[in-house]
Structures are given as C-alpha cells and as structure tokens.
file protein-v6.cif (mmCIF, N, CA and C atoms)
data_input
loop_
_atom_site.label_atom_id
_atom_site.label_comp_id
_atom_site.auth_asym_id
_atom_site.auth_seq_id
_atom_site.Cartn_x
_atom_site.Cartn_y
_atom_site.Cartn_z
N MET A 1 0.85 -1.18 0.00
CA MET A 1 0.00 0.00 0.00
C MET A 1 0.88 1.23 0.00
N ASN A 2 0.78 2.05 -1.01
CA ASN A 2 1.61 3.24 -1.14
C ASN A 2 1.18 4.28 -0.12
N MET A 3 2.13 4.80 0.63
CA MET A 3 1.86 5.79 1.65
C MET A 3 2.18 7.17 1.09
N ALA A 4 1.79 8.22 1.84
CA ALA A 4 2.11 9.58 1.42
C ALA A 4 3.63 9.74 1.42
N PRO A 5 4.16 10.50 0.45
CA PRO A 5 5.60 10.64 0.37
C PRO A 5 6.18 11.36 1.59
N THR A 6 7.32 10.88 2.03
CA THR A 6 8.07 11.56 3.08
C THR A 6 8.88 12.65 2.41
N ARG A 7 8.80 13.84 2.93
CA ARG A 7 9.49 14.98 2.33
C ARG A 7 10.98 14.68 2.17
N ASN A 8 11.51 15.00 1.02
CA ASN A 8 12.93 14.81 0.70
C ASN A 8 13.37 13.35 0.73
N SER A 9 12.47 12.44 0.41
CA SER A 9 12.84 11.02 0.36
C SER A 9 12.95 10.58 -1.09
N ILE A 10 14.03 9.88 -1.40
CA ILE A 10 14.29 9.44 -2.77
C ILE A 10 14.58 7.94 -2.76
N LEU A 11 13.96 7.23 -3.69
CA LEU A 11 14.26 5.83 -3.91
C LEU A 11 15.15 5.74 -5.15
N VAL A 12 16.30 5.08 -5.02
CA VAL A 12 17.20 4.85 -6.14
C VAL A 12 17.19 3.36 -6.45
N ILE A 13 16.87 3.02 -7.72
CA ILE A 13 16.80 1.62 -8.14
C ILE A 13 17.86 1.39 -9.20
N ASP A 14 18.78 0.45 -8.94
CA ASP A 14 19.82 0.12 -9.90
C ASP A 14 20.39 -1.25 -9.54
N ASP A 15 20.79 -1.99 -10.56
CA ASP A 15 21.35 -3.32 -10.30
C ASP A 15 22.86 -3.29 -10.11
N GLU A 16 23.46 -2.11 -10.07
CA GLU A 16 24.89 -1.97 -9.83
C GLU A 16 25.12 -1.33 -8.47
N ALA A 17 25.80 -2.05 -7.58
CA ALA A 17 26.04 -1.57 -6.22
C ALA A 17 26.81 -0.25 -6.20
N SER A 18 27.75 -0.06 -7.14
CA SER A 18 28.55 1.17 -7.15
C SER A 18 27.68 2.39 -7.45
N VAL A 19 26.69 2.24 -8.31
CA VAL A 19 25.78 3.35 -8.63
C VAL A 19 24.92 3.67 -7.41
N LEU A 20 24.39 2.64 -6.75
CA LEU A 20 23.58 2.86 -5.56
C LEU A 20 24.37 3.59 -4.48
N SER A 21 25.61 3.14 -4.24
CA SER A 21 26.46 3.77 -3.22
C SER A 21 26.77 5.22 -3.57
N PHE A 22 27.13 5.46 -4.84
CA PHE A 22 27.47 6.80 -5.28
C PHE A 22 26.29 7.77 -5.12
N LEU A 23 25.13 7.37 -5.60
CA LEU A 23 23.96 8.26 -5.52
C LEU A 23 23.50 8.44 -4.08
N ARG A 24 23.56 7.37 -3.27
CA ARG A 24 23.20 7.51 -1.85
C ARG A 24 24.10 8.55 -1.18
N LEU A 25 25.41 8.45 -1.42
CA LEU A 25 26.36 9.38 -0.82
C LEU A 25 26.08 10.81 -1.27
N CYS A 26 25.96 11.02 -2.57
CA CYS A 26 25.74 12.37 -3.11
C CYS A 26 24.43 12.98 -2.61
N LEU A 27 23.36 12.22 -2.68
CA LEU A 27 22.05 12.75 -2.31
C LEU A 27 21.90 12.93 -0.80
N SER A 28 22.44 12.03 -0.01
CA SER A 28 22.34 12.18 1.44
C SER A 28 23.15 13.38 1.92
N ARG A 29 24.26 13.66 1.27
CA ARG A 29 25.04 14.85 1.62
C ARG A 29 24.27 16.14 1.35
N ARG A 30 23.30 16.06 0.44
CA ARG A 30 22.46 17.22 0.12
C ARG A 30 21.20 17.27 0.98
N GLY A 31 21.11 16.35 1.96
CA GLY A 31 20.01 16.38 2.91
C GLY A 31 18.83 15.49 2.59
N TYR A 32 18.94 14.65 1.57
CA TYR A 32 17.84 13.75 1.22
C TYR A 32 17.93 12.46 2.00
N ARG A 33 16.78 11.89 2.31
CA ARG A 33 16.71 10.54 2.87
C ARG A 33 16.68 9.61 1.67
N VAL A 34 17.67 8.73 1.56
CA VAL A 34 17.82 7.89 0.38
C VAL A 34 17.60 6.43 0.74
N ASP A 35 16.70 5.81 -0.01
CA ASP A 35 16.46 4.38 0.11
C ASP A 35 16.91 3.77 -1.21
N THR A 36 17.44 2.55 -1.18
CA THR A 36 17.93 1.93 -2.41
C THR A 36 17.28 0.57 -2.63
N ALA A 37 17.24 0.18 -3.90
CA ALA A 37 16.76 -1.15 -4.29
C ALA A 37 17.68 -1.66 -5.38
N LYS A 38 18.07 -2.92 -5.29
CA LYS A 38 19.03 -3.47 -6.26
C LYS A 38 18.38 -4.16 -7.44
N SER A 39 17.04 -4.05 -7.56
CA SER A 39 16.33 -4.62 -8.70
C SER A 39 14.99 -3.91 -8.86
N GLY A 40 14.39 -4.09 -10.03
CA GLY A 40 13.06 -3.53 -10.24
C GLY A 40 12.03 -4.15 -9.31
N GLU A 41 12.16 -5.45 -9.05
CA GLU A 41 11.23 -6.13 -8.15
C GLU A 41 11.31 -5.55 -6.74
N GLU A 42 12.53 -5.37 -6.25
CA GLU A 42 12.72 -4.80 -4.92
C GLU A 42 12.21 -3.36 -4.88
N GLY A 43 12.44 -2.63 -5.97
CA GLY A 43 11.95 -1.26 -6.05
C GLY A 43 10.44 -1.18 -5.93
N ILE A 44 9.73 -2.05 -6.64
CA ILE A 44 8.27 -2.06 -6.58
C ILE A 44 7.79 -2.40 -5.18
N LYS A 45 8.44 -3.33 -4.51
CA LYS A 45 8.07 -3.66 -3.12
C LYS A 45 8.21 -2.44 -2.23
N LYS A 46 9.30 -1.70 -2.41
CA LYS A 46 9.52 -0.51 -1.59
C LYS A 46 8.54 0.60 -1.94
N ILE A 47 8.19 0.73 -3.22
CA ILE A 47 7.20 1.73 -3.64
C ILE A 47 5.85 1.42 -2.99
N ARG A 48 5.48 0.15 -2.95
CA ARG A 48 4.20 -0.24 -2.35
C ARG A 48 4.18 0.01 -0.84
N ALA A 49 5.33 -0.10 -0.20
CA ALA A 49 5.40 0.01 1.26
C ALA A 49 5.68 1.43 1.76
N ASN A 50 6.27 2.29 0.92
CA ASN A 50 6.71 3.61 1.36
C ASN A 50 6.28 4.68 0.37
N GLY A 51 6.26 5.90 0.85
CA GLY A 51 6.03 7.03 -0.04
C GLY A 51 7.35 7.74 -0.30
N TYR A 52 7.58 8.13 -1.55
CA TYR A 52 8.81 8.83 -1.92
C TYR A 52 8.46 10.13 -2.63
N SER A 53 9.33 11.13 -2.45
CA SER A 53 9.11 12.38 -3.17
C SER A 53 9.71 12.33 -4.57
N MET A 54 10.59 11.35 -4.83
CA MET A 54 11.17 11.15 -6.16
C MET A 54 11.74 9.74 -6.25
N ILE A 55 11.74 9.22 -7.49
CA ILE A 55 12.34 7.91 -7.75
C ILE A 55 13.34 8.09 -8.88
N ILE A 56 14.54 7.55 -8.69
CA ILE A 56 15.57 7.53 -9.73
C ILE A 56 15.78 6.05 -10.06
N THR A 57 15.61 5.68 -11.32
CA THR A 57 15.74 4.28 -11.69
C THR A 57 16.59 4.07 -12.92
N ASP A 58 17.41 3.03 -12.87
CA ASP A 58 18.12 2.58 -14.05
C ASP A 58 17.06 2.06 -15.02
N ILE A 59 17.26 2.27 -16.30
CA ILE A 59 16.30 1.79 -17.29
C ILE A 59 16.58 0.35 -17.67
N LYS A 60 17.84 0.01 -17.86
CA LYS A 60 18.20 -1.36 -18.28
C LYS A 60 18.67 -2.16 -17.06
N MET A 61 17.80 -3.05 -16.59
CA MET A 61 18.15 -3.94 -15.49
C MET A 61 17.72 -5.34 -15.88
N GLY A 62 17.99 -6.30 -15.01
CA GLY A 62 17.68 -7.71 -15.26
C GLY A 62 16.25 -8.00 -15.70
N SER A 63 15.53 -8.74 -14.88
CA SER A 63 14.21 -9.23 -15.29
C SER A 63 13.12 -8.16 -15.29
N LEU A 64 13.24 -7.14 -14.46
CA LEU A 64 12.23 -6.09 -14.39
C LEU A 64 12.93 -4.75 -14.55
N SER A 65 12.77 -4.13 -15.71
CA SER A 65 13.51 -2.92 -16.05
C SER A 65 12.85 -1.66 -15.47
N GLY A 66 13.56 -0.55 -15.63
CA GLY A 66 13.05 0.73 -15.16
C GLY A 66 11.76 1.15 -15.84
N ASP A 67 11.59 0.81 -17.11
CA ASP A 67 10.33 1.15 -17.77
C ASP A 67 9.18 0.31 -17.21
N ASN A 68 9.46 -0.91 -16.73
CA ASN A 68 8.43 -1.70 -16.05
C ASN A 68 8.05 -1.07 -14.71
N VAL A 69 9.05 -0.56 -13.99
CA VAL A 69 8.79 0.14 -12.73
C VAL A 69 7.93 1.36 -12.99
N LEU A 70 8.27 2.12 -14.02
CA LEU A 70 7.50 3.32 -14.38
C LEU A 70 6.07 2.95 -14.76
N TYR A 71 5.89 1.89 -15.54
CA TYR A 71 4.55 1.43 -15.90
C TYR A 71 3.76 1.09 -14.65
N TYR A 72 4.36 0.35 -13.72
CA TYR A 72 3.67 -0.03 -12.48
C TYR A 72 3.25 1.21 -11.70
N LEU A 73 4.17 2.15 -11.57
CA LEU A 73 3.90 3.37 -10.81
C LEU A 73 2.77 4.18 -11.43
N ARG A 74 2.85 4.43 -12.74
CA ARG A 74 1.88 5.28 -13.42
C ARG A 74 0.56 4.57 -13.74
N ASP A 75 0.63 3.40 -14.37
CA ASP A 75 -0.57 2.75 -14.89
C ASP A 75 -1.27 1.85 -13.90
N VAL A 76 -0.54 1.22 -12.99
CA VAL A 76 -1.17 0.34 -12.01
C VAL A 76 -1.59 1.14 -10.78
N LEU A 77 -0.65 1.93 -10.24
CA LEU A 77 -0.95 2.70 -9.03
C LEU A 77 -1.55 4.07 -9.31
N GLY A 78 -1.34 4.61 -10.51
CA GLY A 78 -1.80 5.97 -10.81
C GLY A 78 -1.05 7.01 -10.00
N ASP A 79 0.21 6.74 -9.71
CA ASP A 79 1.04 7.57 -8.85
C ASP A 79 1.82 8.59 -9.68
N PRO A 80 1.69 9.89 -9.36
CA PRO A 80 2.39 10.93 -10.14
C PRO A 80 3.79 11.28 -9.63
N THR A 81 4.35 10.47 -8.72
CA THR A 81 5.69 10.75 -8.18
C THR A 81 6.67 10.97 -9.33
N PRO A 82 7.49 12.03 -9.27
CA PRO A 82 8.49 12.26 -10.32
C PRO A 82 9.46 11.09 -10.43
N VAL A 83 9.76 10.68 -11.67
CA VAL A 83 10.68 9.58 -11.93
C VAL A 83 11.75 10.05 -12.89
N ILE A 84 13.00 9.88 -12.49
CA ILE A 84 14.14 10.20 -13.34
C ILE A 84 14.78 8.89 -13.77
N GLY A 85 14.94 8.71 -15.07
CA GLY A 85 15.57 7.51 -15.61
C GLY A 85 17.04 7.75 -15.87
N MET A 86 17.83 6.72 -15.66
CA MET A 86 19.27 6.82 -15.97
C MET A 86 19.69 5.55 -16.68
N SER A 87 20.71 5.69 -17.51
CA SER A 87 21.19 4.54 -18.26
C SER A 87 22.59 4.81 -18.79
N GLY A 88 23.36 3.76 -18.92
CA GLY A 88 24.66 3.85 -19.59
C GLY A 88 24.48 3.83 -21.10
N THR A 89 23.27 3.56 -21.55
CA THR A 89 22.93 3.53 -22.98
C THR A 89 21.98 4.69 -23.25
N PRO A 90 22.49 5.86 -23.67
CA PRO A 90 21.65 7.05 -23.82
C PRO A 90 20.40 6.86 -24.68
N GLY A 91 20.44 5.99 -25.68
CA GLY A 91 19.28 5.78 -26.53
C GLY A 91 18.09 5.20 -25.81
N SER A 92 18.30 4.59 -24.64
CA SER A 92 17.19 3.99 -23.90
C SER A 92 16.46 5.01 -23.04
N LEU A 93 16.89 6.26 -23.06
CA LEU A 93 16.28 7.28 -22.21
C LEU A 93 15.16 8.06 -22.89
N THR A 94 14.54 7.50 -23.89
CA THR A 94 13.46 8.19 -24.60
C THR A 94 12.08 7.72 -24.14
N ILE A 95 12.00 7.06 -23.01
CA ILE A 95 10.73 6.52 -22.51
C ILE A 95 9.80 7.66 -22.11
N LYS A 96 8.56 7.57 -22.58
CA LYS A 96 7.56 8.57 -22.22
C LYS A 96 7.25 8.46 -20.73
N ASN A 97 6.76 9.51 -20.17
CA ASN A 97 6.34 9.61 -18.77
C ASN A 97 7.48 9.76 -17.77
N LEU A 98 8.73 9.81 -18.25
CA LEU A 98 9.83 10.13 -17.34
C LEU A 98 9.80 11.63 -17.06
N THR A 99 10.10 12.00 -15.83
CA THR A 99 10.20 13.41 -15.47
C THR A 99 11.49 14.00 -16.01
N GLY A 100 12.55 13.19 -16.04
CA GLY A 100 13.84 13.61 -16.53
C GLY A 100 14.72 12.40 -16.75
N SER A 101 15.94 12.64 -17.22
CA SER A 101 16.85 11.53 -17.46
C SER A 101 18.29 12.03 -17.41
N PHE A 102 19.21 11.09 -17.17
CA PHE A 102 20.64 11.39 -17.25
C PHE A 102 21.40 10.11 -17.53
N ILE A 103 22.61 10.27 -18.04
CA ILE A 103 23.47 9.13 -18.32
C ILE A 103 24.09 8.66 -17.01
N ASN A 104 24.17 7.35 -16.84
CA ASN A 104 24.69 6.72 -15.65
C ASN A 104 25.95 7.44 -15.14
N PRO A 105 25.97 7.85 -13.84
CA PRO A 105 27.10 8.61 -13.31
C PRO A 105 28.34 7.81 -13.01
N VAL A 106 28.25 6.50 -12.98
CA VAL A 106 29.40 5.66 -12.64
C VAL A 106 29.71 4.75 -13.80
N PRO A 107 30.88 4.91 -14.44
CA PRO A 107 31.20 4.08 -15.61
C PRO A 107 31.39 2.61 -15.25
#
call {"tool": "encode", "arguments": {"input": "protein-v6.cif", "output": "structure tokens"}}
result
Amino acid sequence: MNMAPTRNSILVIDDEASVLSFLRLCLSRRGYRVDTAKSGEEGIKKIRANGYSMIITDIKMGSLSGDNVLYYLRDVLGDPTPVIGMSGTPGSLTIKNLTGSFINPVP
C-alpha cells in the first residue's frame, strides 16, 4: 500500500552496487533521505510500502527494467511521483512519462 511521500525522500533503483552507493552518498550529503533497491522487483516492493518524493531508476536492469517500474507506478498505481531515468545507454532514455533523465554517473 503506497503511503504519502516523506518529504525529501528518494528511492534509487539500480542493479549496480557502485551506482547505488554513489547516488546515496551524493544525495544524502544534500540532505535527502535515500532508500535503495538493487532490482526492479525490490523497487516495486519498496514503492508499495513507502512514499517517496522522487524515484531515480536505471532503465536497463535484469528481469524487471526501469520502464516496467515506471509502468507499475503510473498505470497500475496511478502515482504521479516524479521519476528520473538513468542509463549507460543514452538511446534507452526516450521513454515517455519520465520526469527527466541522465546518463549513468558511474562508468
């Protein structure tokens, strides 16, 4: 059950531990409460259990990709939470309904 977003709370979803660590460090230093998920499945579980003011998700992941997470958030839950997509493959960042996008910060 999705709860009301906690102010300044961000969920970061990525299957690379280095990206999760990097973004957690950067965002927490700026005063955000950062929660992480290492897969799309884990991300959806956390979305259902918690409210976030923003979600940052990798687009290309294993069995459940960032566009699947976005579909679940928008079409299943009807949730307007801002979603920023990131990818090491810039061509994959053309997904509709993303609030924004950037190229993966960790090579």
call {"tool": "resolve_selection", "arguments": {"input": "protein-v6.cif", "expression": "the PyMOL selection byres (((chain A and resi 36-38 and name CA) around 9) and name CA)", "output": "PyMOL selection string"}}
result
chain A and resi 10-17+20-21+24+34-35+39-44+46
call {"tool": "closest_residue", "arguments": {"input": "protein-v6.cif", "among": "A:Ser87, A:Thr99, A:Ser18, A:Thr81", "to": "Tyr52 (chain A)", "atoms": "only C-alpha atoms"}}
result
A:Thr81
call {"tool": "resolve_selection", "arguments": {"input": "protein-v6.cif", "expression": "the PyMOL selection byres ((chain A and resi 57-73) around 5)", "output": "PyMOL selection string"}}
result
chain A and resi 13-14+40+55-56+74-79+84-87
call {"tool": "atom_distance", "arguments": {"input": "protein-v6.cif", "atom1": "CA of Cys26 (chain A)", "atom2": "CA of Met54 (chain A)"}}
result
14.9 Å
call {"tool": "atom_distance", "arguments": {"input": "protein-v6.cif", "atom1": "atom N of Val83 (chain A)", "atom2": "atom C of Ser53 (chain A)"}}
result
7.3 Å
call {"tool": "closest_residue", "arguments": {"input": "protein-v6.cif", "among": "A:Gly51, A:Pro82, A:Arg30, A:Leu25", "to": "Ser9 (chain A)", "atoms": "all atoms listed in the file"}}
result
A:Gly51
